[in-house]
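Text of the file final_18.txt, holding compact mmCIF, C-alpha atoms:
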# COMPACT_ATOMS: atom_id res chain seq x y z
CA MET J 1 -36.00 -37.60 125.55
CA THR J 2 -37.11 -41.21 125.31
CA GLU J 3 -38.24 -42.67 122.04
CA GLN J 4 -39.44 -46.12 121.03
CA ARG J 5 -40.46 -47.31 117.59
CA ILE J 6 -42.27 -50.36 116.22
CA CYS J 7 -43.06 -51.39 112.67
CA VAL J 8 -46.05 -53.65 111.94
CA ALA J 9 -48.05 -54.86 108.94
CA ARG J 10 -51.19 -52.85 108.15
CA ASP J 11 -53.44 -55.57 109.52
CA ALA J 12 -56.12 -55.49 112.22
CA ALA J 13 -54.45 -58.49 113.86
CA GLN J 14 -51.58 -56.18 114.83
CA VAL J 15 -53.68 -54.07 117.22
CA PRO J 16 -52.84 -56.21 120.29
CA VAL J 17 -49.14 -55.98 119.35
CA LEU J 18 -49.38 -52.18 119.27
CA MET J 19 -51.24 -52.07 122.60
CA ARG J 20 -48.55 -54.20 124.22
CA PHE J 21 -45.87 -51.92 122.76
CA LEU J 22 -47.58 -48.84 124.20
CA LYS J 23 -48.14 -50.44 127.62
CA GLU J 24 -44.54 -51.57 127.88
CA PHE J 25 -43.34 -48.06 127.03
CA TRP J 26 -45.75 -46.68 129.61
CA SER J 27 -44.59 -48.80 132.50
CA ALA J 28 -40.88 -48.55 131.57
CA ALA J 29 -41.14 -44.74 131.58
CA GLY J 30 -43.20 -44.68 134.82
CA LEU J 31 -45.96 -42.59 133.24
CA PRO J 32 -49.27 -41.84 135.04
CA PRO J 33 -51.68 -44.74 134.35
CA ALA J 34 -54.69 -42.42 134.03
CA ASP J 35 -53.33 -40.96 130.78
CA SER J 36 -52.65 -44.30 129.14
CA VAL J 37 -56.17 -45.00 127.90
CA LYS J 38 -56.28 -41.83 125.75
CA PHE J 39 -53.16 -42.87 123.88
CA GLU J 40 -54.42 -46.46 123.55
CA LEU J 41 -57.59 -45.10 121.98
CA ALA J 42 -55.69 -42.74 119.69
CA LEU J 43 -53.47 -45.56 118.48
CA GLU J 44 -56.36 -47.98 117.88
CA GLU J 45 -58.47 -45.39 116.04
CA VAL J 46 -55.69 -44.11 113.80
CA PHE J 47 -54.32 -47.56 113.01
CA MET J 48 -57.76 -49.02 112.25
CA ASN J 49 -58.48 -46.05 109.99
CA LEU J 50 -55.42 -47.04 107.98
CA VAL J 51 -56.49 -50.69 107.94
CA MET J 52 -60.03 -49.90 106.79
CA HIS J 53 -59.53 -46.90 104.53
CA GLY J 54 -56.05 -47.47 103.18
CA SER J 55 -55.38 -48.90 99.75
CA SER J 56 -55.64 -52.61 99.08
CA GLU J 57 -51.92 -52.91 98.29
CA ALA J 58 -50.50 -55.81 100.23
CA GLY J 59 -47.44 -55.46 102.38
CA THR J 60 -48.00 -51.91 103.54
CA GLN J 61 -46.12 -51.28 106.75
CA VAL J 62 -47.10 -48.92 109.53
CA GLU J 63 -44.50 -47.40 111.80
CA VAL J 64 -45.50 -46.21 115.26
CA SER J 65 -43.24 -44.04 117.42
CA VAL J 66 -43.77 -42.78 120.95
CA ILE J 67 -41.65 -39.83 122.00
CA LEU J 68 -41.53 -38.59 125.58
CA CYS J 69 -40.20 -35.04 125.84
CA ASP J 70 -40.62 -32.25 128.43
CA GLY J 71 -43.65 -33.79 130.15
CA GLY J 72 -45.50 -34.33 126.89
CA LEU J 73 -45.97 -37.49 124.88
CA THR J 74 -46.09 -37.63 121.10
CA LEU J 75 -47.53 -40.56 119.24
CA MET J 76 -46.50 -40.66 115.60
CA VAL J 77 -48.08 -43.01 113.04
CA GLU J 78 -46.49 -43.25 109.61
CA ASP J 79 -47.30 -45.36 106.56
CA ASP J 80 -46.18 -45.53 102.95
CA GLY J 81 -49.69 -45.80 101.44
CA PRO J 82 -51.31 -43.23 99.13
CA ALA J 83 -51.76 -39.75 100.60
CA PHE J 84 -54.56 -39.84 103.17
CA ASP J 85 -55.24 -37.06 105.66
CA PRO J 86 -57.72 -38.39 108.25
CA LEU J 87 -58.10 -34.87 109.63
CA LEU J 88 -60.05 -33.95 106.50
CA LEU J 89 -62.80 -36.43 107.40
CA PRO J 90 -65.99 -34.53 108.20
CA ALA J 91 -66.70 -34.24 111.93
CA PRO J 92 -69.70 -36.29 113.09
CA ASP J 93 -72.87 -34.51 114.16
CA VAL J 94 -72.67 -35.19 117.88
CA ALA J 95 -76.09 -33.62 118.40
CA ALA J 96 -77.93 -35.92 115.95
CA SER J 97 -80.78 -38.10 117.19
CA LEU J 98 -80.44 -41.82 117.88
CA GLU J 99 -81.85 -42.71 114.46
CA GLU J 100 -79.61 -40.25 112.62
CA ARG J 101 -76.34 -40.80 114.48
CA LYS J 102 -73.49 -42.18 112.41
CA VAL J 103 -70.25 -43.72 113.61
CA GLY J 104 -68.13 -42.74 110.60
CA GLY J 105 -65.52 -40.15 111.52
CA LEU J 106 -66.13 -40.66 115.22
CA GLY J 107 -62.73 -42.25 115.88
CA VAL J 108 -60.73 -39.32 114.53
CA PHE J 109 -63.11 -36.91 116.26
CA LEU J 110 -62.41 -38.59 119.62
CA VAL J 111 -58.66 -38.47 119.02
CA ARG J 112 -58.81 -34.72 118.30
CA GLN J 113 -60.84 -34.15 121.48
CA MET J 114 -58.46 -36.17 123.66
CA MET J 115 -55.13 -34.90 122.37
CA ASP J 116 -53.72 -31.38 122.79
CA ALA J 117 -52.52 -31.27 119.18
CA VAL J 118 -52.99 -33.45 116.10
CA SER J 119 -51.28 -32.75 112.78
CA TYR J 120 -50.89 -34.45 109.42
CA GLN J 121 -47.99 -34.18 107.02
CA ARG J 122 -47.10 -35.91 103.80
CA VAL J 123 -43.36 -36.43 104.08
CA ALA J 124 -41.19 -38.27 101.54
CA ALA J 125 -44.15 -40.22 100.08
CA ARG J 126 -45.30 -41.18 103.58
CA ASN J 127 -48.33 -40.20 105.63
CA GLN J 128 -47.33 -38.88 109.02
CA LEU J 129 -49.86 -38.23 111.76
CA ARG J 130 -48.56 -36.69 114.99
CA MET J 131 -50.60 -36.61 118.20
CA THR J 132 -49.30 -34.82 121.26
CA LYS J 133 -50.60 -34.43 124.78
CA ARG J 134 -49.13 -33.08 128.01
CA LEU J 135 -49.21 -35.70 130.70
CA ILE J 136 -50.87 -35.21 134.07
CA ALA J 137 -48.29 -34.21 136.68
CA GLY J 138 -47.42 -36.92 139.18
CA GLY J 139 -45.63 -39.36 136.92
CA ALA J 140 -41.87 -39.71 136.79
CA ALA J 141 -40.11 -36.52 135.72
CA PRO J 142 -39.01 -36.67 132.07
CA GLY J 143 -35.39 -36.35 133.18
CA VAL J 144 -35.70 -39.46 135.33
CA ALA J 145 -37.46 -41.43 132.60
CA SER J 146 -34.90 -40.49 130.00
CA GLY J 147 -33.01 -43.60 129.16
CA VAL J 148 -31.65 -42.60 125.76
CA MET C 1 -63.72 -59.60 126.96
CA LYS C 2 -66.11 -61.60 129.17
CA ILE C 3 -69.88 -61.05 128.95
CA ARG C 4 -72.34 -62.23 131.61
CA LEU C 5 -76.14 -62.05 131.49
CA GLU C 6 -78.45 -61.66 134.48
CA ALA C 7 -82.24 -61.52 134.55
CA HIS C 8 -83.77 -58.91 136.86
CA GLY C 9 -87.51 -59.21 136.53
CA ALA C 10 -88.45 -57.81 133.13
CA ALA C 11 -84.91 -56.56 132.52
CA THR C 12 -81.92 -58.36 131.14
CA LEU C 13 -78.63 -57.10 132.49
CA VAL C 14 -75.67 -57.48 130.17
CA ILE C 15 -72.38 -57.27 132.04
CA PRO C 16 -69.27 -56.93 129.87
CA GLU C 17 -65.84 -57.07 131.45
CA GLY C 18 -62.57 -55.92 129.92
CA ARG C 19 -61.95 -53.99 126.73
CA LEU C 20 -64.51 -53.19 124.06
CA ASP C 21 -62.31 -52.46 121.06
CA PHE C 22 -62.16 -53.36 117.40
CA GLY C 23 -61.23 -56.94 118.26
CA THR C 24 -64.05 -57.63 120.73
CA ALA C 25 -66.84 -55.46 119.27
CA THR C 26 -68.17 -58.12 116.88
CA GLY C 27 -68.61 -60.73 119.63
CA PHE C 28 -70.30 -58.21 121.91
CA GLN C 29 -72.61 -57.14 119.09
CA ALA C 30 -73.62 -60.75 118.40
CA GLN C 31 -74.39 -61.31 122.09
CA LEU C 32 -76.49 -58.14 122.30
CA GLU C 33 -78.41 -59.07 119.16
CA GLN C 34 -79.20 -62.43 120.71
CA VAL C 35 -80.50 -60.75 123.87
CA LEU C 36 -82.53 -58.25 121.85
CA ALA C 37 -84.00 -60.96 119.65
CA GLY C 38 -85.32 -62.53 122.83
CA THR C 39 -83.79 -65.90 122.22
CA ARG C 40 -83.44 -66.29 125.97
CA THR C 41 -86.45 -64.32 127.21
CA ALA C 42 -88.34 -61.36 125.89
CA PRO C 43 -86.87 -58.58 128.01
CA ALA C 44 -88.80 -55.38 128.58
CA ALA C 45 -85.49 -53.65 129.11
CA VAL C 46 -81.87 -54.25 128.29
CA ILE C 47 -79.37 -52.67 130.62
CA ILE C 48 -75.64 -52.77 130.05
CA ASP C 49 -73.78 -52.64 133.36
CA CYS C 50 -70.38 -51.17 132.43
CA ALA C 51 -68.74 -51.39 135.88
CA GLY C 52 -66.20 -53.88 134.55
CA LEU C 53 -65.67 -52.15 131.22
CA GLU C 54 -62.20 -50.57 131.15
CA TYR C 55 -62.02 -49.26 127.61
CA VAL C 56 -64.32 -48.34 124.73
CA SER C 57 -63.21 -47.20 121.28
CA SER C 58 -65.38 -46.05 118.36
CA ALA C 59 -65.82 -49.71 117.37
CA GLY C 60 -67.47 -50.27 120.75
CA LEU C 61 -69.57 -47.10 120.52
CA ARG C 62 -70.96 -48.41 117.25
CA VAL C 63 -72.25 -51.53 119.02
CA PHE C 64 -73.99 -49.44 121.70
CA LEU C 65 -75.55 -47.26 119.00
CA LEU C 66 -76.87 -50.20 116.99
CA ALA C 67 -78.25 -51.91 120.10
CA ALA C 68 -79.95 -48.71 121.30
CA ARG C 69 -81.52 -48.26 117.88
CA SER C 70 -82.74 -51.87 117.67
CA SER C 71 -84.19 -51.56 121.17
CA GLN C 72 -86.06 -48.40 120.28
CA ARG C 73 -87.54 -50.06 117.19
CA ALA C 74 -88.52 -53.14 119.20
CA GLY C 75 -90.12 -51.04 121.95
CA LEU C 76 -87.58 -52.10 124.56
CA ARG C 77 -85.99 -49.77 127.06
CA PHE C 78 -82.23 -49.56 126.63
CA ALA C 79 -79.89 -48.05 129.19
CA ILE C 80 -76.31 -48.26 130.38
CA CYS C 81 -74.97 -47.75 133.89
CA SER C 82 -71.91 -47.65 136.14
CA LEU C 83 -69.44 -46.20 133.65
CA GLN C 84 -65.78 -45.99 134.66
CA PRO C 85 -64.29 -42.48 134.19
CA ALA C 86 -62.38 -43.33 130.99
CA VAL C 87 -65.47 -44.88 129.39
CA ARG C 88 -67.70 -42.05 130.59
CA GLU C 89 -65.40 -39.54 128.90
CA VAL C 90 -65.72 -41.34 125.55
CA PHE C 91 -69.52 -41.33 125.88
CA GLU C 92 -69.61 -37.65 126.75
CA LEU C 93 -67.16 -36.49 124.06
CA SER C 94 -69.06 -38.42 121.40
CA GLY C 95 -72.42 -37.08 122.57
CA PHE C 96 -73.70 -40.65 123.00
CA ASN C 97 -74.84 -39.77 126.52
CA ARG C 98 -77.50 -37.62 124.84
CA VAL C 99 -79.01 -40.42 122.77
CA ILE C 100 -78.53 -43.32 125.20
CA ALA C 101 -79.81 -43.26 128.78
CA VAL C 102 -76.84 -43.32 131.17
CA HIS C 103 -77.40 -44.09 134.86
CA THR C 104 -74.94 -43.77 137.72
CA ASP C 105 -75.53 -47.30 138.98
CA ARG C 106 -77.53 -50.47 138.50
CA ALA C 107 -80.21 -49.49 141.02
CA ALA C 108 -80.90 -46.23 139.18
CA ALA C 109 -81.07 -48.07 135.84
CA LEU C 110 -83.57 -50.61 137.23
CA ALA C 111 -85.68 -48.08 139.14
CA PRO C 112 -88.02 -47.06 136.27
CA LEU C 113 -88.94 -50.74 135.79
CA GLN C 114 -89.75 -51.21 139.44
CA GLN C 115 -92.06 -48.23 139.30
CA GLY C 116 -93.95 -50.04 136.56
CA ARG C 117 -93.03 -47.58 133.82
CA ALA C 118 -91.16 -50.06 131.66
Starting from the file, give its structure as structure tokens.
Amino acid sequence: MTEQRICVARDAAQVPVLMRFLKEFWSAAGLPPADSVKFELALEEVFMNLVMHGSSEAGTQVEVSVILCDGGLTLMVEDDGPAFDPLLLPAPDVAASLEERKVGGLGVFLVRQMMDAVSYQRVAARNQLRMTKRLIAGGAAPGVASGV
Amino acid sequence: MKIRLEAHGAATLVIPEGRLDFGTATGFQAQLEQVLAGTRTAPAAVIIDCAGLEYVSSAGLRVFLLAARSSQRAGLRFAICSLQPAVREVFELSGFNRVIAVHTDRAAALAPLQQGRA
């Protein structure tokens, strides 16, 4: 199992920092490039949800972990803000007309479509969102990538 | 993200390159609004050539939605073309390919104009 963790301020300016963190993990672990974009999107959507819908308390930190285990990758996003389960957001009407389409809730909807499993837990006064997806075969075997 | 504009007869081609995410969406939106407002020319069609677009998040989808809606209201044809697989997947999952015309390549996107049906 390989695990990396980063802690950043809940601030939109941190998105590039998170993307770099994910890309560095990706290349260090020798993971298939084709899968990378789904995790980049999941991380951007979930983090920006926290930035835009979280409380206005200053100084809130967000912790992001990536865990590679048995050919699957888990992305975990945790924060110490008030309880907020993004999975309760109503799904967008993807069949609505151009005039009626809304973008709200679309980010989380995309994440749920792209990941194999998404779950929310409130643990020790923290929000914890876990997203897991099996990786396409062809990358380095998990045993080879395991550096921890 | 880099954005280039090209005039093709009555159509304005908008050619973004790079990542359309939360950080770049506002700039892209401003550029599209400028094109739609006809500050350069009054295009009969606006076509976004996405061949160089590597990544789109919901922040980017929002810009496409707003531009498509403005175009419809202004009586302009709006289409996108040449989507990379990762971007195509986002359009299909979100159902945006049902409200925005998506063409396989630039020639297909320009064809209706050349047939005089713009």
Proximity check chain J to chain C, 10 Å, nearest pairs one decimal Å, all atoms listed in the file, as a Markdown table:
| residue | atom | partner | partner_atom | distance |
| --- | --- | --- | --- | --- |
| J:Ala12 | CA | C:Gly23 | CA | 8.0 |
| J:Ala13 | CA | C:Gly23 | CA | 8.2 |
| J:Val15 | CA | C:Gly23 | CA | 8.1 |
| J:Pro16 | CA | C:Gly23 | CA | 8.7 |
| J:Ala34 | CA | C:Ala86 | CA | 8.3 |
| J:Asp35 | CA | C:Ala86 | CA | 9.4 |
| J:Ser36 | CA | C:Ala86 | CA | 10.0 |
| J:Val37 | CA | C:Ala86 | CA | 7.1 |
| J:Lys38 | CA | C:Ala86 | CA | 8.2 |
| J:Glu40 | CA | C:Tyr55 | CA | 9.1 |
| J:Leu41 | CA | C:Ser57 | CA | 6.0 |
| J:Ala42 | CA | C:Ser57 | CA | 8.9 |
| J:Glu44 | CA | C:Ser57 | CA | 7.7 |
| J:Glu45 | CA | C:Ser57 | CA | 7.3 |
| J:Met48 | CA | C:Phe22 | CA | 8.0 |
| J:Pro92 | CA | C:Ser94 | CA | 8.6 |
| J:Asp93 | CA | C:Gly95 | CA | 8.8 |
| J:Val94 | CA | C:Gly95 | CA | 5.1 |
| J:Ala95 | CA | C:Gly95 | CA | 6.5 |
| J:Ala96 | CA | C:Val99 | CA | 8.2 |
| J:Ser97 | CA | C:Val99 | CA | 6.3 |
| J:Leu98 | CA | C:Val99 | CA | 5.3 |
| J:Glu99 | CA | C:Arg69 | CA | 6.5 |
| J:Glu100 | CA | C:Arg69 | CA | 9.8 |
| J:Arg101 | CA | C:Leu65 | CA | 7.9 |
| J:Lys102 | CA | C:Arg62 | CA | 8.3 |
| J:Val103 | CA | C:Arg62 | CA | 6.0 |
| J:Gly104 | CA | C:Ser58 | CA | 8.9 |
| J:Gly105 | CA | C:Ser58 | CA | 9.0 |
| J:Leu106 | CA | C:Ser58 | CA | 6.3 |
| J:Gly107 | CA | C:Ser58 | CA | 5.3 |
| J:Val108 | CA | C:Ser58 | CA | 9.0 |
| J:Phe109 | CA | C:Ser94 | CA | 8.0 |
| J:Leu110 | CA | C:Leu93 | CA | 6.8 |
| J:Gln113 | CA | C:Leu93 | CA | 7.2 |
| J:Met114 | CA | C:Leu93 | CA | 8.7 |
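Distances here use all atoms listed in the file; by that measure, the residue among J:Val62, J:Met1, J:Leu68, J:Leu31 closest to Leu18 (chain J) is J:Val62.
The residue set within 6 Å of Cys50 (chain C), counting all atoms listed in the file and dropping same-chain residues fewer than 6 places from it, reads C:Cys81, C:Ser82, C:Leu83.
Here the question is which of J:Gly30, J:Leu50, J:Glu24, J:Leu43 gets nearest to Asp11 (chain J) using all atoms listed in the file, and that residue is J:Leu50.
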| request: Calculate how many Å separate CA of Gly81 (chain J) from CA of Val64 (chain J), rounding to one decimal. | output: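 CA of Gly81 (chain J) sits 14.4 Å away from CA of Val64 (chain J).
In this structure, CA of Lys2 (chain C) sits 29.4 Å away from CA of Ile6 (chain J).
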| query | So what do you get for CA of Ala111 (chain C) versus CA of Asn97 (chain C), distance-wise? | reply |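 Between these atoms lies a distance of 18.6 Å.
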| request: Measuring atom to atom with all atoms listed in the file, identify which of C:Ala25, C:Ala37, C:Ala51, C:Ala11 is nearest to Phe78 (chain C). | output: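 Once distances to Phe78 (chain C) are computed over all atoms listed in the file, the minimum belongs to C:Ala11.
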Could you give me, as a tab-separated table (two decimals) with C-alpha atoms, in the coordinates of the input, the residues within 12 Å of Glu63 (chain J), counting only C-alpha atoms and dropping anything in the same chain fewer than 2 positions from it?
chain	number	residue	atom	x	y	z
J	4	GLN	CA	-39.44	-46.12	121.03
J	5	ARG	CA	-40.46	-47.31	117.59
J	6	ILE	CA	-42.27	-50.36	116.22
J	7	CYS	CA	-43.06	-51.39	112.67
J	8	VAL	CA	-46.05	-53.65	111.94
J	9	ALA	CA	-48.05	-54.86	108.94
J	10	ARG	CA	-51.19	-52.85	108.15
J	14	GLN	CA	-51.58	-56.18	114.83
J	18	LEU	CA	-49.38	-52.18	119.27
J	21	PHE	CA	-45.87	-51.92	122.76
J	43	LEU	CA	-53.47	-45.56	118.48
J	46	VAL	CA	-55.69	-44.11	113.80
J	47	PHE	CA	-54.32	-47.56	113.01
J	50	LEU	CA	-55.42	-47.04	107.98
J	60	THR	CA	-48.00	-51.91	103.54
J	61	GLN	CA	-46.12	-51.28	106.75
J	65	SER	CA	-43.24	-44.04	117.42
J	66	VAL	CA	-43.77	-42.78	120.95
J	75	LEU	CA	-47.53	-40.56	119.24
J	76	MET	CA	-46.50	-40.66	115.60
J	77	VAL	CA	-48.08	-43.01	113.04
J	78	GLU	CA	-46.49	-43.25	109.61
J	79	ASP	CA	-47.30	-45.36	106.56
J	80	ASP	CA	-46.18	-45.53	102.95
J	81	GLY	CA	-49.69	-45.80	101.44
J	126	ARG	CA	-45.30	-41.18	103.58
J	127	ASN	CA	-48.33	-40.20	105.63
J	128	GLN	CA	-47.33	-38.88	109.02
J	129	LEU	CA	-49.86	-38.23	111.76
J	130	ARG	CA	-48.56	-36.69	114.99
| Counting all atoms listed in the file, the residue of J:Pro32, J:Ser27, J:Met19, J:Arg112 that sits nearest Leu89 (chain J) | J:Arg112
Can you write region 32-63 of chain J from the block above with N, CA and C atoms, as a compact mmCIF listing (two decimals), in the first residue's frame?
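Produced file decode.txt, reproduced below:
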# COMPACT_ATOMS: atom_id res chain seq x y z
N PRO J 32 -1.45 4.33 -14.72
CA PRO J 32 -1.84 4.59 -16.11
C PRO J 32 -2.35 6.03 -16.30
N PRO J 33 -1.74 6.79 -17.22
CA PRO J 33 -2.10 8.20 -17.40
C PRO J 33 -3.58 8.41 -17.71
N ALA J 34 -4.20 7.45 -18.41
CA ALA J 34 -5.60 7.63 -18.84
C ALA J 34 -6.55 7.78 -17.65
N ASP J 35 -6.20 7.24 -16.51
CA ASP J 35 -7.08 7.31 -15.34
C ASP J 35 -6.93 8.61 -14.56
N SER J 36 -5.84 9.30 -14.80
CA SER J 36 -5.49 10.46 -13.98
C SER J 36 -6.57 11.54 -13.99
N VAL J 37 -7.13 11.81 -15.18
CA VAL J 37 -8.03 12.94 -15.33
C VAL J 37 -9.30 12.78 -14.47
N LYS J 38 -9.74 11.55 -14.26
CA LYS J 38 -10.95 11.33 -13.45
C LYS J 38 -10.70 11.71 -11.99
N PHE J 39 -9.50 11.41 -11.51
CA PHE J 39 -9.18 11.76 -10.13
C PHE J 39 -8.90 13.25 -10.00
N GLU J 40 -8.32 13.86 -11.05
CA GLU J 40 -8.11 15.31 -11.03
C GLU J 40 -9.46 16.01 -10.93
N LEU J 41 -10.42 15.53 -11.73
CA LEU J 41 -11.74 16.13 -11.71
C LEU J 41 -12.42 15.94 -10.36
N ALA J 42 -12.32 14.73 -9.82
CA ALA J 42 -12.93 14.45 -8.51
C ALA J 42 -12.36 15.37 -7.45
N LEU J 43 -11.05 15.55 -7.47
CA LEU J 43 -10.42 16.39 -6.46
C LEU J 43 -10.82 17.85 -6.61
N GLU J 44 -10.83 18.34 -7.85
CA GLU J 44 -11.23 19.74 -8.07
C GLU J 44 -12.68 19.97 -7.63
N GLU J 45 -13.58 19.07 -8.04
CA GLU J 45 -15.00 19.26 -7.74
C GLU J 45 -15.27 19.23 -6.23
N VAL J 46 -14.70 18.25 -5.57
CA VAL J 46 -14.96 18.09 -4.14
C VAL J 46 -14.33 19.24 -3.34
N PHE J 47 -13.12 19.61 -3.71
CA PHE J 47 -12.45 20.69 -3.00
C PHE J 47 -13.18 22.02 -3.23
N MET J 48 -13.58 22.30 -4.47
CA MET J 48 -14.26 23.56 -4.75
C MET J 48 -15.64 23.61 -4.09
N ASN J 49 -16.26 22.46 -3.93
CA ASN J 49 -17.52 22.40 -3.18
C ASN J 49 -17.30 22.88 -1.75
N LEU J 50 -16.20 22.45 -1.16
CA LEU J 50 -15.89 22.86 0.20
C LEU J 50 -15.59 24.36 0.25
N VAL J 51 -14.87 24.84 -0.76
CA VAL J 51 -14.52 26.27 -0.80
C VAL J 51 -15.79 27.12 -0.92
N MET J 52 -16.71 26.67 -1.79
CA MET J 52 -17.87 27.51 -2.09
C MET J 52 -19.03 27.32 -1.13
N HIS J 53 -19.18 26.11 -0.58
CA HIS J 53 -20.34 25.85 0.26
C HIS J 53 -20.01 25.67 1.72
N GLY J 54 -18.73 25.69 2.05
CA GLY J 54 -18.35 25.52 3.43
C GLY J 54 -18.68 26.78 4.23
N SER J 55 -18.42 26.74 5.52
CA SER J 55 -18.73 27.89 6.36
C SER J 55 -17.71 29.00 6.08
N SER J 56 -17.98 30.18 6.61
CA SER J 56 -17.09 31.30 6.35
C SER J 56 -15.96 31.38 7.37
N GLU J 57 -15.90 30.40 8.29
CA GLU J 57 -14.82 30.42 9.28
C GLU J 57 -13.47 30.42 8.58
N ALA J 58 -12.62 31.33 9.01
CA ALA J 58 -11.29 31.39 8.41
C ALA J 58 -10.42 30.27 8.99
N GLY J 59 -9.41 29.91 8.24
CA GLY J 59 -8.42 28.97 8.75
C GLY J 59 -8.78 27.51 8.64
N THR J 60 -9.91 27.22 7.99
CA THR J 60 -10.28 25.81 7.85
C THR J 60 -9.27 25.10 6.95
N GLN J 61 -8.82 23.96 7.40
CA GLN J 61 -7.86 23.18 6.65
C GLN J 61 -8.55 22.01 5.96
N VAL J 62 -8.02 21.62 4.83
CA VAL J 62 -8.53 20.45 4.13
C VAL J 62 -7.37 19.48 3.95
N GLU J 63 -7.63 18.23 4.30
CA GLU J 63 -6.59 17.22 4.18
C GLU J 63 -6.97 16.27 3.06
